[in-house]
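Down below is the structure, laid out as C-alpha coordinates.
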Amino acid sequence: MTSRPPALDPAVLAAISVGGGLGASARFAAGHWWPVHPGEFPWSTLAVNVSGCFAIGVLMVAVTELWAAPKLVRPFLGVGVLGGFTTFSTFALELRRLIDTGAVGTAVAYLGLSVLAGLGAVAVAVIATRWVAGAGRRTT
(Lines give C-alpha, C1' and ligand atoms only; values in the text may rest on other atoms or scores of the structure.)
Protein backbone atom coordinates (compact mmCIF):
# COMPACT_ATOMS: atom_id res chain seq x y z
CA MET A 1 0.00 0.00 0.00
CA THR A 2 1.37 3.40 -0.94
CA SER A 3 0.62 6.53 0.99
CA ARG A 4 -0.76 9.54 -0.80
CA PRO A 5 0.55 13.02 -0.19
CA PRO A 6 -1.92 15.32 1.51
CA ALA A 7 -4.20 17.27 -0.77
CA LEU A 8 -3.06 20.78 -1.53
CA ASP A 9 -5.32 23.38 0.03
CA PRO A 10 -6.26 25.97 -2.61
CA ALA A 11 -6.52 28.72 0.03
CA VAL A 12 -2.98 28.03 1.24
CA LEU A 13 -1.67 27.99 -2.33
CA ALA A 14 -3.44 31.28 -3.05
CA ALA A 15 -2.01 32.87 0.10
CA ILE A 16 1.51 31.76 -0.84
CA SER A 17 1.05 32.99 -4.41
CA VAL A 18 -0.22 36.43 -3.44
CA GLY A 19 2.41 36.78 -0.71
CA GLY A 20 5.13 35.64 -3.09
CA GLY A 21 4.08 38.22 -5.66
CA LEU A 22 4.23 40.97 -3.04
CA GLY A 23 7.59 39.82 -1.71
CA ALA A 24 9.11 39.46 -5.16
CA SER A 25 7.83 42.92 -6.11
CA ALA A 26 9.47 44.39 -3.01
CA ARG A 27 12.69 42.54 -3.88
CA PHE A 28 12.58 43.87 -7.42
CA ALA A 29 12.05 47.41 -6.12
CA ALA A 30 15.00 47.07 -3.75
CA GLY A 31 17.24 45.85 -6.57
CA HIS A 32 16.06 48.67 -8.82
CA TRP A 33 16.57 51.29 -6.12
CA TRP A 34 19.97 49.90 -5.07
CA PRO A 35 21.42 48.03 -8.08
CA VAL A 36 24.41 45.70 -7.91
CA HIS A 37 27.06 46.48 -10.50
CA PRO A 38 29.36 43.75 -11.87
CA GLY A 39 32.43 43.19 -9.72
CA GLU A 40 31.09 45.20 -6.78
CA PHE A 41 30.05 43.82 -3.43
CA PRO A 42 26.30 43.01 -3.64
CA TRP A 43 25.20 45.10 -0.66
CA SER A 44 21.54 45.31 -1.68
CA THR A 45 21.11 41.54 -1.91
CA LEU A 46 22.86 41.12 1.43
CA ALA A 47 20.58 43.75 3.00
CA VAL A 48 17.45 42.13 1.54
CA ASN A 49 18.43 38.64 2.69
CA VAL A 50 19.50 39.71 6.18
CA SER A 51 16.37 41.81 6.71
CA GLY A 52 14.28 38.85 5.51
CA CYS A 53 16.08 36.60 8.00
CA PHE A 54 15.32 39.07 10.77
CA ALA A 55 11.66 39.24 9.72
CA ILE A 56 11.30 35.44 9.68
CA GLY A 57 12.72 35.31 13.21
CA VAL A 58 10.13 37.82 14.41
CA LEU A 59 7.33 36.08 12.51
CA MET A 60 8.10 32.59 13.79
CA VAL A 61 8.16 33.70 17.42
CA ALA A 62 4.95 35.67 16.89
CA VAL A 63 3.00 32.85 15.26
CA THR A 64 4.34 29.94 17.30
CA GLU A 65 4.76 31.44 20.78
CA LEU A 66 2.74 34.64 21.10
CA TRP A 67 -0.30 34.47 18.92
CA ALA A 68 -2.72 31.85 17.70
CA ALA A 69 -2.37 33.01 14.11
CA PRO A 70 -5.04 32.21 11.54
CA LYS A 71 -4.21 29.33 9.21
CA LEU A 72 -3.13 31.51 6.27
CA VAL A 73 -0.84 33.95 8.09
CA ARG A 74 2.24 31.74 8.13
CA PRO A 75 1.99 30.61 4.48
CA PHE A 76 1.21 34.16 3.31
CA LEU A 77 3.93 35.98 5.27
CA GLY A 78 6.57 33.29 5.81
CA VAL A 79 6.54 31.26 2.62
CA GLY A 80 4.99 33.87 0.35
CA VAL A 81 6.12 37.38 1.25
CA LEU A 82 9.46 36.52 2.86
CA GLY A 83 10.15 33.66 0.47
CA GLY A 84 9.56 35.98 -2.48
CA PHE A 85 11.52 38.83 -0.89
CA THR A 86 14.67 36.94 0.03
CA THR A 87 16.67 35.44 -2.76
CA PHE A 88 19.07 32.53 -2.67
CA SER A 89 19.24 32.37 -6.45
CA THR A 90 20.42 35.97 -6.79
CA PHE A 91 22.89 35.39 -3.96
CA ALA A 92 24.31 32.36 -5.79
CA LEU A 93 24.42 34.17 -9.13
CA GLU A 94 26.22 37.18 -7.63
CA LEU A 95 28.67 34.88 -5.86
CA ARG A 96 29.41 33.16 -9.17
CA ARG A 97 29.84 36.49 -10.96
CA LEU A 98 32.32 37.68 -8.35
CA ILE A 99 34.35 34.50 -8.80
CA ASP A 100 34.16 34.72 -12.60
CA THR A 101 35.46 38.31 -12.57
CA GLY A 102 38.40 37.33 -10.35
CA ALA A 103 37.03 38.94 -7.19
CA VAL A 104 37.50 35.74 -5.19
CA GLY A 105 38.27 37.53 -1.92
CA THR A 106 35.08 39.58 -2.26
CA ALA A 107 33.15 36.40 -3.08
CA VAL A 108 34.44 34.64 0.04
CA ALA A 109 33.63 37.71 2.16
CA TYR A 110 30.13 37.86 0.64
CA LEU A 111 29.55 34.16 1.29
CA GLY A 112 30.72 34.30 4.89
CA LEU A 113 29.00 37.57 5.71
CA SER A 114 25.73 36.39 4.16
CA VAL A 115 25.65 33.20 6.21
CA LEU A 116 26.80 34.77 9.48
CA ALA A 117 24.64 37.88 9.17
CA GLY A 118 21.59 35.84 8.15
CA LEU A 119 21.90 33.43 11.05
CA GLY A 120 22.72 36.29 13.40
CA ALA A 121 19.67 38.23 12.24
CA VAL A 122 17.37 35.30 12.97
CA ALA A 123 18.92 34.80 16.42
CA VAL A 124 18.70 38.50 17.31
CA ALA A 125 15.12 38.68 16.06
CA VAL A 126 14.05 35.65 18.10
CA ILE A 127 15.71 36.95 21.28
CA ALA A 128 14.47 40.52 20.77
CA THR A 129 10.91 39.45 19.98
CA ARG A 130 10.75 37.23 23.04
CA TRP A 131 12.23 40.03 25.17
CA VAL A 132 9.79 42.65 23.87
CA ALA A 133 6.86 40.25 24.30
CA GLY A 134 7.99 39.43 27.84
CA ALA A 135 8.39 43.12 28.70
CA GLY A 136 4.87 43.73 27.41
CA ARG A 137 3.44 41.01 29.68
CA ARG A 138 4.94 42.34 32.90
CA THR A 139 2.67 44.01 35.36
CA THR A 140 3.79 46.73 37.72
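Chain identifiers are assigned as A, B, and so on, following the order in which chains appear in the C-alpha coordinates; residues are numbered from 1 within each chain, and ligands are numbered from 1 in order of appearance.
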
Could you make a table, as a tab-separated table, of the residues of segment 48-104 of chain A that have an atom within 12 Å of an atom of segment 5-29 of chain A, each with its nearest atom pair and distance in Å to one decimal, counting only C-alpha atoms, in chain and number order?
```
residue	atom	partner	partner_atom	distance
A:Val48	CA	A:Arg27	CA	7.2
A:Asn49	CA	A:Arg27	CA	9.5
A:Ser51	CA	A:Arg27	CA	11.2
A:Gly52	CA	A:Gly23	CA	9.9
A:Pro70	CA	A:Val12	CA	11.3
A:Lys71	CA	A:Val12	CA	8.2
A:Leu72	CA	A:Val12	CA	6.1
A:Val73	CA	A:Ala15	CA	8.2
A:Arg74	CA	A:Ile16	CA	9.0
A:Pro75	CA	A:Ile16	CA	5.5
A:Phe76	CA	A:Ala15	CA	4.7
A:Leu77	CA	A:Gly19	CA	6.2
A:Gly78	CA	A:Gly19	CA	8.5
A:Val79	CA	A:Ile16	CA	6.1
A:Gly80	CA	A:Gly20	CA	3.9
A:Val81	CA	A:Gly23	CA	4.1
A:Leu82	CA	A:Gly23	CA	5.9
A:Gly83	CA	A:Gly20	CA	6.5
A:Gly84	CA	A:Gly23	CA	4.4
A:Phe85	CA	A:Gly23	CA	4.1
A:Thr86	CA	A:Arg27	CA	7.1
A:Thr87	CA	A:Arg27	CA	8.2
A:Phe88	CA	A:Arg27	CA	11.9
A:Thr90	CA	A:Arg27	CA	10.6
```

Between atom CA of Pro38 of chain A and atom CA of Val104 of chain A lies a distance of 13.2 Å

message: Restricting the calculation to only C-alpha atoms: of A:Leu66, A:Gly31, A:Ile56, A:Phe41, which residue gets closest to Trp131 of chain A?
response: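 Checking each of A:Leu66, A:Gly31, A:Ile56, A:Phe41 against Trp131 of chain A, counting only C-alpha atoms, the winner is A:Leu66.
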
Counting only C-alpha atoms, the residue among A:Ala62, A:Trp43, A:Val36, A:Glu94 that lies closest to Gly134 of chain A is A:Ala62

Of A:Ala69, A:Val108, A:Val132, A:Val124, the one nearest to Gly57 of chain A when counting only C-alpha atoms is A:Val124

| message | Using only C-alpha atoms for the distances, tell me which of A:Leu113, A:Cys53, A:Trp34, A:Gly39 is nearest to Asp100 of chain A. | response |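 Distance minimum relative to Asp100 of chain A lands on A:Gly39.
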
Within 9 Å of Leu95 of chain A, counting only C-alpha atoms, which residues show up once you throw out same-chain ones fewer than 2 positions away? Write them as number ranges by chain, please. A: 42, 90-93, 97-100, 104, 106-108, 110-111

* helix (DSSP H, G or I) residues, from DSSP on the backbone, in segment 66-121 of chain A, as an NGL selection string -> :A and (66 or 73-85 or 88-100 or 104-121)

Separating atom CA of Ala133 of chain A from atom CA of Glu65 of chain A, to the nearest tenth of an Å, is a gap of 9.7 Å

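Picture a line from atom CA of Pro35 of chain A to atom CA of Ser89 of chain A; it runs 15.9 Å.
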